[in-house]
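Listing of my_file-v5.txt, compact mmCIF, C-alpha atoms
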# COMPACT_ATOMS: atom_id res chain seq x y z
CA MET A 29 -1.81 20.94 2.40
CA LEU A 30 -0.06 22.74 -0.43
CA PHE A 31 -1.67 26.03 0.60
CA THR A 32 -0.34 25.48 4.13
CA ALA A 33 3.17 24.92 2.75
CA VAL A 34 2.95 28.18 0.77
CA LEU A 35 1.96 30.08 3.89
CA LEU A 36 4.84 28.58 5.82
CA LEU A 37 7.33 29.54 3.15
CA ALA A 38 5.92 33.02 2.68
CA GLY A 39 6.01 33.73 6.38
CA LEU A 40 9.62 32.70 7.01
CA PRO A 41 12.19 35.46 6.40
CA ALA A 42 15.64 34.42 5.27
CA ALA A 43 18.43 34.57 7.87
CA ARG A 44 21.15 37.20 7.59
CA ALA A 45 24.57 36.13 6.38
CA ASP A 46 26.18 37.04 9.71
CA GLN A 47 23.81 34.84 11.73
CA SER A 48 24.66 31.33 12.85
CA PRO A 49 22.56 28.50 11.31
CA LEU A 50 19.36 27.72 13.14
CA ALA A 51 19.19 24.10 14.26
CA PRO A 52 16.17 22.27 15.68
CA PRO A 53 15.72 22.94 19.42
CA ALA A 54 17.09 20.46 21.92
CA ALA A 55 14.78 18.55 24.23
CA GLY A 56 13.18 20.84 26.76
CA GLN A 57 14.08 24.05 24.92
CA LEU A 58 11.84 26.47 23.06
CA PRO A 59 12.04 26.70 19.26
CA ALA A 60 14.53 29.21 17.86
CA ARG A 61 13.20 32.63 16.90
CA VAL A 62 14.01 34.58 13.77
CA PRO A 63 14.02 38.39 13.41
CA GLY A 64 10.51 39.77 13.85
CA GLY A 65 9.63 37.39 16.69
CA GLN A 66 8.26 34.61 14.44
CA VAL A 67 8.86 31.01 15.46
CA LEU A 68 10.77 28.98 12.90
CA PRO A 69 9.15 25.50 12.88
CA ALA A 70 11.61 22.63 12.97
CA GLY A 71 11.17 18.90 13.34
CA PRO A 72 13.26 16.17 15.01
CA GLY A 73 15.08 15.30 11.79
CA LEU A 74 18.63 15.88 10.63
CA PRO A 75 20.04 19.21 11.90
CA VAL A 76 21.70 21.81 9.67
CA LEU A 77 24.90 20.29 8.31
CA PRO A 78 27.35 21.33 5.60
CA VAL A 79 27.75 19.11 2.54
CA LEU A 80 31.38 18.36 1.79
CA GLY A 81 33.15 17.76 -1.51
CA GLY A 82 31.27 20.37 -3.50
CA ASN A 83 28.26 18.10 -3.92
CA ARG A 84 24.69 19.31 -4.12
CA VAL A 85 21.76 17.59 -2.42
CA LEU A 86 18.13 17.26 -3.44
CA TYR A 87 16.08 16.69 -0.29
CA VAL A 88 12.83 14.73 -0.16
CA PHE A 89 10.48 15.23 2.78
CA ALA A 90 6.75 15.31 3.45
CA ILE A 91 4.08 16.82 5.64
CA GLY A 92 0.92 15.12 6.83
CA SER A 93 -0.50 13.51 9.95
CA ASP A 94 -0.04 9.88 8.82
CA HIS A 95 3.63 9.17 9.60
CA SER A 96 3.50 5.62 8.24
CA SER A 97 2.26 6.75 4.82
CA ARG A 98 4.56 9.77 4.89
CA SER A 99 7.74 7.77 5.46
CA LYS A 100 6.84 5.15 2.85
CA ILE A 101 6.09 7.64 0.07
CA ILE A 102 9.31 9.56 0.86
CA ALA A 103 11.43 6.42 0.68
CA THR A 104 9.72 5.23 -2.50
CA LEU A 105 10.18 8.55 -4.32
CA ALA A 106 13.81 8.95 -3.21
CA GLU A 107 14.59 5.47 -4.50
CA ARG A 108 12.75 6.03 -7.77
CA LEU A 109 14.46 9.37 -8.53
CA GLN A 110 17.83 7.63 -8.63
CA LYS A 111 16.79 6.13 -11.96
CA TYR A 112 16.32 9.50 -13.68
CA ARG A 113 18.51 12.32 -14.93
CA LEU A 114 18.35 15.26 -12.57
CA ARG A 115 19.81 18.75 -12.88
CA ASN A 116 23.41 19.02 -11.59
CA ASN A 117 23.36 15.28 -10.76
CA PRO A 118 22.61 15.82 -7.04
CA TRP A 119 22.64 13.42 -4.17
CA ILE A 120 19.11 12.44 -3.13
CA PHE A 121 18.46 12.49 0.60
CA ALA A 122 15.21 11.22 2.13
CA GLU A 123 14.27 12.91 5.40
CA PRO A 124 11.02 11.56 6.91
CA ASP A 125 11.17 13.76 10.04
CA TRP A 126 11.81 17.12 8.40
CA ALA A 127 9.37 20.02 8.42
CA VAL A 128 9.40 23.01 6.07
CA GLY A 129 11.41 24.99 8.62
CA ASP A 130 14.20 22.38 8.60
CA TYR A 131 14.66 22.79 4.87
CA VAL A 132 14.62 26.58 5.14
CA ASN A 133 17.33 26.35 7.80
CA GLN A 134 19.45 24.20 5.52
CA CYS A 135 18.90 26.48 2.52
CA THR A 136 19.76 29.69 4.35
CA ALA A 137 22.83 28.16 6.01
CA HIS A 138 24.26 26.27 3.02
CA PRO A 139 22.66 27.44 -0.23
CA GLU A 140 25.74 26.47 -2.24
CA SER A 141 25.06 22.76 -1.60
CA THR A 142 21.24 22.81 -1.62
CA GLU A 143 19.79 21.84 -4.99
CA GLY A 144 16.26 22.15 -3.68
CA ALA A 145 13.63 19.96 -2.09
CA ILE A 146 10.64 17.94 -3.18
CA LEU A 147 7.87 18.49 -0.67
CA LEU A 148 5.27 15.73 -0.58
CA THR A 149 1.94 16.27 1.13
CA VAL A 150 -0.07 13.29 2.31
CA ALA A 151 -3.41 14.91 1.57
CA ALA A 152 -5.61 12.00 2.64
CA THR A 153 -5.57 8.29 3.44
CA ALA A 154 -8.42 5.83 3.74
CA ALA A 155 -8.76 2.11 4.44
CA GLY A 156 -11.68 -0.26 4.44
CA THR A 157 -12.97 -3.81 4.06
CA MET A 158 -15.57 -5.18 1.66
CA ASN A 159 -17.22 -8.54 2.25
CA ARG A 160 -17.69 -10.48 -0.99
CA PHE A 161 -19.22 -13.57 0.73
CA PHE A 162 -16.61 -15.96 -0.67
CA TYR A 163 -13.73 -13.62 0.25
CA THR A 164 -12.96 -10.31 1.96
CA ARG A 165 -11.29 -7.43 0.10
CA ASN A 166 -9.12 -5.08 2.19
CA TRP A 167 -8.18 -1.81 0.49
CA PHE A 168 -6.05 1.25 1.16
CA GLU A 169 -6.01 4.59 -0.69
CA LEU A 170 -3.37 7.32 -0.53
CA ASP A 171 -3.73 10.79 -2.08
CA SER A 172 -0.63 12.95 -2.35
CA ASP A 173 0.86 15.81 -4.31
CA ALA A 174 4.41 17.12 -4.77
CA ALA A 175 5.97 20.58 -4.93
CA PHE A 176 9.52 21.66 -5.73
CA ILE A 177 11.03 24.24 -3.37
CA THR A 178 13.99 26.14 -4.80
CA CYS A 179 17.06 27.42 -2.99
CA ASP A 180 18.77 30.18 -5.02
CA SER A 181 21.63 32.38 -3.93
CA VAL A 182 23.69 35.13 -5.49
CA ALA A 183 27.03 36.25 -4.06
CA GLY A 184 26.50 38.98 -1.50
CA SER A 185 22.73 38.51 -1.24
CA LYS A 186 20.35 36.50 0.89
CA PRO A 187 19.28 33.04 -0.29
CA THR A 188 15.80 32.94 -1.72
CA TYR A 189 13.39 30.03 -1.74
CA GLY A 190 9.91 29.33 -3.01
CA ILE A 191 7.65 26.83 -4.73
CA SER A 192 8.37 26.72 -8.47
CA TRP A 193 6.49 23.58 -9.53
CA VAL A 194 3.55 21.48 -8.36
CA SER A 195 2.35 18.10 -9.59
CA GLY A 196 -1.29 18.15 -8.58
CA VAL A 197 -2.95 15.52 -6.40
CA LYS A 198 -2.31 11.92 -7.44
CA GLU A 199 -4.10 8.86 -6.13
CA GLY A 200 -2.68 5.48 -5.15
CA TYR A 201 -4.90 2.46 -4.51
CA ALA A 202 -4.01 -1.04 -3.32
CA SER A 203 -6.09 -4.02 -2.21
CA ARG A 204 -5.70 -7.59 -1.01
CA ASN A 205 -8.19 -10.44 -0.95
CA THR A 206 -8.54 -12.82 1.98
CA TYR A 207 -10.18 -16.14 1.16
CA ALA A 208 -10.84 -17.34 4.71
CA GLN A 209 -14.59 -17.13 4.08
CA LEU A 210 -14.26 -19.74 1.35
CA PHE A 211 -14.21 -22.48 3.99
CA SER A 212 -17.22 -21.02 5.75
CA ALA A 213 -19.16 -20.70 2.50
CA ALA A 214 -18.47 -24.32 1.57
CA ALA A 215 -19.62 -25.45 5.01
CA LEU A 216 -22.77 -23.36 4.71
CA LEU A 217 -23.65 -24.93 1.38
CA PHE A 218 -23.05 -28.38 2.80
CA ALA A 219 -25.23 -27.59 5.81
CA ALA A 220 -27.98 -26.10 3.63
CA ALA A 221 -28.08 -29.23 1.47
CA SER A 222 -28.36 -31.46 4.53
CA THR A 223 -31.13 -29.36 6.07
CA VAL A 224 -33.62 -30.84 3.62
CA SER A 225 -32.70 -34.33 4.75
CA THR A 226 -33.16 -33.37 8.40
CA PHE A 227 -36.92 -33.10 7.94
CA ILE A 228 -37.19 -36.46 6.17
CA PRO A 229 -37.84 -39.28 8.71
CA SER A 230 -35.59 -42.30 8.72
CA HIS A 231 -37.07 -45.23 6.82
CA ALA A 232 -36.09 -48.77 5.80
CA THR A 233 -36.73 -50.52 2.50
CA ALA A 234 -36.71 -54.35 2.17
CA THR A 235 -36.78 -56.34 -1.10
CA ALA A 236 -37.35 -60.12 -1.28
CA THR A 237 -36.22 -62.15 -4.31
CA THR A 238 -37.40 -65.77 -4.81
CA THR A 239 -35.42 -68.19 -6.95
CA VAL A 240 -37.25 -71.43 -8.09
CA PHE A 241 -35.22 -74.59 -8.88
CA PRO A 242 -36.45 -77.40 -11.19
CA ARG A 243 -37.74 -80.59 -9.61
CA THR A 244 -35.99 -83.89 -10.19
CA LYS A 245 -37.22 -87.50 -10.00
CA PRO A 246 -36.46 -89.50 -8.08
CA ILE A 247 -35.88 -87.18 -5.12
CA PRO A 248 -32.27 -87.37 -3.88
CA PRO A 249 -31.68 -88.99 -0.46
CA SER A 250 -30.43 -85.62 0.89
CA GLY A 251 -33.61 -83.91 -0.15
CA GLN A 252 -34.43 -81.50 -2.92
CA GLN A 253 -34.26 -77.65 -2.89
CA VAL A 254 -37.28 -76.28 -4.57
CA GLU A 255 -36.80 -72.51 -4.11
CA GLN A 256 -34.59 -69.87 -2.36
CA VAL A 257 -35.71 -66.47 -0.97
CA THR A 258 -33.13 -63.59 -0.76
CA THR A 259 -34.03 -60.42 1.19
CA SER A 260 -32.11 -57.07 0.87
CA SER A 261 -32.83 -53.96 3.01
CA THR A 262 -31.78 -50.25 2.87
CA THR A 263 -32.04 -47.79 5.79
CA SER A 264 -31.63 -44.00 5.41
CA ASN A 265 -30.29 -41.81 8.23
CA PRO A 266 -30.51 -38.08 7.26
CA GLY A 267 -29.98 -36.97 10.87
CA ALA A 268 -26.41 -38.25 10.79
CA LEU A 269 -25.76 -36.15 7.66
CA ALA A 270 -27.01 -33.02 9.43
CA ASN A 271 -24.80 -33.72 12.44
CA SER A 272 -21.76 -34.11 10.22
CA SER A 273 -22.50 -30.80 8.50
CA ALA A 274 -22.80 -29.02 11.84
CA ALA A 275 -19.48 -30.47 12.95
CA ILE A 276 -17.82 -29.01 9.83
CA LEU A 277 -19.69 -25.70 10.01
CA ALA A 278 -18.65 -24.72 13.55
CA PRO A 279 -14.84 -24.68 13.04
CA ALA A 280 -15.21 -23.18 9.56
CA LEU A 281 -17.09 -20.18 10.94
CA ALA A 282 -14.43 -19.72 13.63
CA PHE A 283 -11.54 -19.88 11.12
CA ALA A 284 -9.57 -16.62 10.78
CA PRO A 285 -6.54 -15.80 8.60
CA ALA A 286 -3.18 -15.57 10.32
CA GLU A 287 -2.24 -12.31 8.55
CA THR A 288 -4.08 -9.20 9.76
CA ALA A 289 -2.08 -6.05 10.60
CA PRO A 290 0.88 -6.78 8.25
CA ALA A 291 -1.57 -6.79 5.33
CA VAL A 292 -2.48 -3.15 6.01
CA ASP A 293 1.18 -2.14 6.16
CA GLY A 294 1.87 -3.96 2.91
CA MET A 295 -1.05 -2.24 1.20
CA THR A 296 0.36 1.12 2.33
CA TRP A 297 3.61 0.30 0.52
CA ASN A 298 1.70 -0.73 -2.59
CA ALA A 299 -0.44 2.40 -2.56
CA ALA A 300 2.66 4.57 -2.07
CA GLU A 301 4.30 2.94 -5.09
CA VAL A 302 1.24 3.59 -7.25
CA THR A 303 1.15 7.23 -6.11
CA VAL A 304 4.86 7.70 -6.78
CA ASP A 305 4.43 6.22 -10.27
CA ALA A 306 1.87 8.92 -11.00
CA LEU A 307 4.05 11.67 -9.50
CA VAL A 308 7.15 10.57 -11.42
CA GLY A 309 5.11 10.52 -14.61
CA ARG A 310 4.03 14.09 -13.92
CA MET A 311 7.68 15.12 -13.30
CA ASN A 312 8.62 13.77 -16.74
CA CYS A 313 12.35 13.44 -16.03
CA PRO A 314 14.37 11.47 -18.64
CA PRO A 315 15.50 8.01 -17.47
CA LEU A 316 19.21 7.36 -16.98
CA ASP A 317 19.27 4.75 -19.74
CA ALA A 318 17.43 6.96 -22.26
CA LYS A 319 19.51 7.93 -25.30
CA PRO A 320 19.35 11.55 -26.46
CA ASN A 321 17.12 11.95 -29.50
CA PRO A 322 17.02 15.40 -31.11
CA LYS A 323 13.84 14.46 -32.97
CA THR A 324 11.96 13.77 -29.75
CA VAL A 325 9.29 16.32 -28.96
CA SER A 326 10.11 18.10 -25.69
CA HIS A 327 7.37 17.99 -23.09
CA SER A 328 7.08 20.05 -19.95
CA SER A 329 9.27 18.68 -17.16
CA ALA A 330 9.86 19.57 -13.53
CA PRO A 331 12.57 22.22 -13.02
CA PHE A 332 14.88 19.79 -11.20
CA CYS A 333 14.98 17.42 -14.19
CA SER A 334 17.95 17.36 -16.53
CA PRO A 335 17.25 18.29 -20.17
CA PRO A 336 16.70 15.21 -22.38
Kindly transcribe the structure held in the file into structure tokens.
Amino acid sequence: MLFTAVLLLAGLPAARADQSPLAPPAAGQLPARVPGGQVLPAGPGLPVLPVLGGNRVLYVFAIGSDHSSRSKIIATLAERLQKYRLRNNPWIFAEPDWAVGDYVNQCTAHPESTEGAILLTVAATAAGTMNRFFYTRNWFELDSDAAFITCDSVAGSKPTYGISWVSGVKEGYASRNTYAQLFSAAALLFAAASTVSTFIPSHATATATTTVFPRTKPIPPSGQQVEQVTTSSTTSNPGALANSSAAILAPALAFAPAETAPAVDGMTWNAAEVTVDALVGRMNCPPLDAKPNPKTVSHSSAPFCSPP
């Protein structure tokens, strides 16, 4: 992905100062052409616009086939950069529909307000499901890298642009567990325990207890009770236990969690946040709330970061 971006930048000549800015083509029109007959690629994003008030803008955009991952990592990085000190204190503008050609158009038309751009490449995404018997683990992985594209201009000369810093590929991983199988597993254990009883025939057990009373003389007119016999019986019914287990097992196996597709989208956000954490750490920009410390050892930072 990064090699593709380098080729795109190397193959795009800068526009002359007397040329009008090149905007993305309207619907049904062919892309604009630059001197030499090369096609300047442009996406459906924001067209070339001037930035008023003397402000400078740091653009954040991405390339990659997965638009969902691309837009989420752009938004996450643009939000996170607002917490760090950046060179010239620029505005940060997230543009999920930009291509490399859109940024080149903006740079050549308005270099005085273009601080540069952070190009993210969604190198690869993957998703899967792992069955852990008692639960299911859904996972999503996002690999991305970042590059800083400059936009430099000197009075009376053409704007120049190029990649001056790269982060290297960083990995983001997120997962969620679904415990729907817990009900099925419990029902299976219940059914397995009752299976043993299914093969045991029903049987009844009776116990007789005899109580002997002392004899008296003379015998009472109402008669005399000599002894009393008490009988108790127990009947087992393992078939009923098996039927109850089957009644619980059937709906448990058919149970499904209510959340399906939203879980994948949420994992994409989580993976994008993990990836951005790694990218921001590689940029090594000082936080806004960090106090200057002359004794602090200076580490390598991205060129768009403000000195500590």
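As for CA of Thr244 in chain A and CA of Ser260 in chain A, they are spaced 29.3 Å apart.
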One decimal, Å: what's the distance from CA of Ala151 in chain A over to CA of Ser192 in chain A, could you say?
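Those two atoms sit 19.5 Å apart.
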Please identify all polymer residues lying at most 12 Å from the point (-39.6, -56.9, -6.4) (file coordinates), using only C-alpha atoms, and present the result as a ChimeraX atom specification.
/A:233-238,257-261
Can I get the selected residues back with C-alpha atoms, as a PDB file, keeping the file's coordinate frame?
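File result_11.pdb, as written:
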ATOM      1  CA  THR A 233     -36.730 -50.520   2.500  1.00  0.00           C
ATOM      2  CA  ALA A 234     -36.710 -54.350   2.170  1.00  0.00           C
ATOM      3  CA  THR A 235     -36.780 -56.340  -1.100  1.00  0.00           C
ATOM      4  CA  ALA A 236     -37.350 -60.120  -1.280  1.00  0.00           C
ATOM      5  CA  THR A 237     -36.220 -62.150  -4.310  1.00  0.00           C
ATOM      6  CA  THR A 238     -37.400 -65.770  -4.810  1.00  0.00           C
ATOM      7  CA  VAL A 257     -35.710 -66.470  -0.970  1.00  0.00           C
ATOM      8  CA  THR A 258     -33.130 -63.590  -0.760  1.00  0.00           C
ATOM      9  CA  THR A 259     -34.030 -60.420   1.190  1.00  0.00           C
ATOM     10  CA  SER A 260     -32.110 -57.070   0.870  1.00  0.00           C
ATOM     11  CA  SER A 261     -32.830 -53.960   3.010  1.00  0.00           C
TER      12      SER A 261
END
Smallest atom-to-atom distance to Cys179 in chain A: which of A:Val85, A:Arg204, A:Ile101, A:Ala127, using only C-alpha atoms?
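Closest to Cys179 in chain A, using only C-alpha atoms: A:Val85.
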Tell me which of A:Val194, A:Cys333, A:Ala174, A:Ala299 sits closest to Asn116 in chain A, counting all atoms listed in the file.
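The closest residue to Asn116 in chain A is A:Cys333.
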For Ile120 in chain A, which residue out of A:Ala137, A:Val132, A:Ala152, A:Leu86 is the nearest one, using all atoms listed in the file?
A:Leu86
Using all atoms listed in the file, can you tell me which of A:Pro75, A:Gly156, A:Pro187, A:Gly196 comes closest to His138 in chain A?
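The answer is A:Pro187, which sits nearest to His138 in chain A.
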Report, in Å to a single decimal, how far apart CA of Ser172 in chain A and CA of Val128 in chain A are.
16.5 Å
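Each of A:Ser203, A:Ser141, A:Gln256, A:Ser96 was checked against Trp167 in chain A using all atoms listed in the file; the smallest atom-to-atom distance is that of A:Ser203.
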Listed atoms of range 97-104 of chain A boxed axis-aligned with 8 Å per side, centre + edges as AutoDock Vina command-line options:
--center_x 6.8 --center_y 7.5 --center_z 1.5 --size_x 25.2 --size_y 20.6 --size_z 24.0
Could you check the closest approach to Ser181 in chain A for each of A:Thr104, A:Ser329, A:Thr136, A:Thr296 and tell me which residue wins, using all atoms listed in the file?
A:Thr136
Would you mind listing what lies within 9 Å of Ala306 in chain A as a VMD selection string, with all atoms listed in the file counted and same-chain residues fewer than 3 positions away left out?
chain A and resid 198 to 200 301 to 303 309 to 311
